[in-house]
Amino acid sequence: MTSPHLDLIYLLSWGVVLLLIFLSEAIVLFAAYFRIDQLESHFIASHLVGINRKTLGNGPLGRMKRVRQIGALTGRITYFQMLDPYAVMEAEVFPEHLKKWVKIPADLMRLALIGAGLLLLLLGFERLSMTVSKPASDLKLLCTAVLIACFVVALVAMLVRTYVSFFKLTEIEFFLRGSYFVARNRRVLGDGAYGRSSRLSHISTILLLDDDFLWVSDPDAIDEIARFPLPLRCWIIIPARILGYSFLGYCVIYLGGTLFGVFA
């Protein structure tokens with residue numbers, strides 16, 4: 001940083017991030033030992049919760065992972081949880097006094113990750129300004145330019161996804177109105193920025209799934225996905241792929257440059 005005061009603020013910001021992570025993990029650990037039976041007793045028809053109980057065990061890490069799995073069922077479901085729609089249905093009517101034990105840690109961890117991302121972005125900008133302000137080799141300048149290009153392309157892709165999530169998501173979901181998971185995400189995740197982004201991410205995932213997986217998890221969506229309009233499919237798939245490739249390219253260039261001493 002440019003001054004001791006900014007250095008102190010930067011370090012304190014990382015301290016806040018670590019504190020949020022600690023609080024999140026502490027709440028999960030408490031729920032894992034003192035609320036896990038109440039949390040799991042709600043899931044009667046679910047096979048997934050019972051399997052997790054047997055496979056993950058009763059150790060600290062196993063119990064905490066079981067709590068996180070239940071938290072995912074009440075929020076943004078994972079790819080494999082789609083294979084147990086009964087668990088997702090039961091999670092929709094999860095009691096509010098129990099939901100707080102999985103929702104609060106998830107919110108705290110999300111804030112910590114956003115804060116960590118912003119701090120790393122700030123650190124990246126600082127290093128970039130130092131690189132540009134000092135004499136550098138042609139290879140170093142080329143790698144720096146590629147990193148900037150990857151970042152700009154990723155930012156544009158994120159802006160496009162944000163536009164789609166706020167102005168085209170209703171139309172997209174209309175063509176998938178038979179899908180239980182699409183309707184469930186609309187009810188559970190809501191219309192906030194995070195909720196809309198999660199709903200769009202789920203749709204981009206199911207558009208790429210094969211019929212065998214959908215036949216088990218969401219059979220009503222198979223015909224609708226087959227008839228899904230190509231222009232809307234492009235609005236969903238292309239920005240997601242550009243974002244992924246940009247992130248991958250950034251990591252490859254940065255790690256390669258660091259490994260071979262380009263950014264030394």
# chains A, B, ... in the order shown; residues from 1 in each chain; ligands from 1
>>> residues_around(residues="segment 107-123 of chain A", least_positions_apart="3", cutoff="6 Å", atoms="only C-alpha atoms", output="JSON, numbers by chain")
{"A": [17, 20, 21, 24, 104, 126]}
>>> residues_around(residues="segment 145-159 of chain A", least_positions_apart="5", cutoff="9 Å", atoms="only C-alpha atoms", output="PDB file with C-alpha atoms, in the first residue's frame")
ATOM      1  CA  LEU A 128      -0.353  -3.920 -11.589  1.00  0.00           C
ATOM      2  CA  LYS A 140       6.441  -9.123 -18.656  1.00  0.00           C
ATOM      3  CA  VAL A 164     -29.695 -11.274 -18.097  1.00  0.00           C
ATOM      4  CA  ILE A 238     -21.977 -17.760 -23.829  1.00  0.00           C
ATOM      5  CA  PRO A 239     -21.353 -15.311 -20.932  1.00  0.00           C
ATOM      6  CA  ALA A 240     -20.933 -18.230 -18.525  1.00  0.00           C
ATOM      7  CA  ARG A 241     -18.315 -19.870 -20.737  1.00  0.00           C
ATOM      8  CA  ILE A 242     -16.507 -16.590 -21.395  1.00  0.00           C
ATOM      9  CA  LEU A 243     -16.355 -15.945 -17.658  1.00  0.00           C
ATOM     10  CA  GLY A 244     -14.982 -19.418 -16.992  1.00  0.00           C
ATOM     11  CA  TYR A 245     -12.391 -19.272 -19.778  1.00  0.00           C
ATOM     12  CA  SER A 246     -11.279 -15.778 -18.720  1.00  0.00           C
ATOM     13  CA  PHE A 247     -10.758 -16.909 -15.144  1.00  0.00           C
ATOM     14  CA  LEU A 248      -8.866 -19.986 -16.323  1.00  0.00           C
ATOM     15  CA  GLY A 249      -6.699 -17.911 -18.648  1.00  0.00           C
ATOM     16  CA  TYR A 250      -5.934 -15.417 -15.893  1.00  0.00           C
ATOM     17  CA  CYS A 251      -4.867 -18.196 -13.519  1.00  0.00           C
ATOM     18  CA  ILE A 253      -0.896 -16.714 -17.169  1.00  0.00           C
ATOM     19  CA  TYR A 254      -0.403 -15.514 -13.594  1.00  0.00           C
TER      20      TYR A 254
END
>>> residues_around(residues="Asn52 of chain A", least_positions_apart="2", cutoff="10 Å", atoms="only C-alpha atoms", output="list in words")
His47, Leu48, Val49, Gly50, Lys54, Thr55, Leu56, Gly57, Gly62, Arg63, Lys65, Arg66, Val67, Gln69 and Ile70 of chain A
>>> closest_atom_pairs(of="segment 145-203 of chain A", to="segment 208-218 of chain A", cutoff="9 Å", atoms="only C-alpha atoms", output="Markdown table")
| residue | atom | partner | partner_atom | distance |
| --- | --- | --- | --- | --- |
| A:Ser179 | CA | A:Asp218 | CA | 6.5 |
| A:Tyr180 | CA | A:Asp218 | CA | 6.8 |
| A:Phe181 | CA | A:Asp218 | CA | 7.3 |
| A:Ile203 | CA | A:Leu208 | CA | 8.8 |
>>> write_last_selection(atoms="C-alpha atoms", output="PDB file, in the first residue's frame")
ATOM      1  CA  SER A 179     -39.219 -27.746 -14.057  1.00  0.00           C
ATOM      2  CA  TYR A 180     -39.617 -28.247 -10.321  1.00  0.00           C
ATOM      3  CA  PHE A 181     -36.133 -26.921  -9.547  1.00  0.00           C
ATOM      4  CA  ILE A 203     -30.485 -22.845 -15.480  1.00  0.00           C
TER       5      ILE A 203
END
>>> select_by_dssp(residues="segment 56-213 of chain A", states="helix (DSSP H, G or I)", output="PyMOL selection string")
chain A and resi 56+60-73+80-83+85-92+96-133+138-167+169-174+180-189+193-206+211-213
>>> atom_distance(atom1="atom CA of His42 of chain A", atom2="atom CA of Ser201 of chain A")
27.8 Å
>>> closest_residue(among="A:Arg68, A:Arg196, A:Arg233, A:Lys99", to="Thr162 of chain A", atoms="only C-alpha atoms")
A:Arg196
>>> atom_distance(atom1="atom CA of Val102 of chain A", atom2="atom CA of Ala72 of chain A")
8.4 Å
>>> atom_distance(atom1="atom CA of Ala91 of chain A", atom2="atom CA of Thr74 of chain A")
5.3 Å
>>> closest_residue(among="A:Ile236, A:Leu98, A:Leu6, A:Leu176", to="Tyr163 of chain A", atoms="only C-alpha atoms")
A:Ile236
>>> closest_residue(among="A:Leu11, A:Met82, A:Val28, A:Val182", to="Glu224 of chain A", atoms="only C-alpha atoms")
A:Val182
>>> closest_residue(among="A:Arg227, A:Arg35, A:Arg199, A:Lys100", to="Ala183 of chain A", atoms="only C-alpha atoms")
A:Arg199
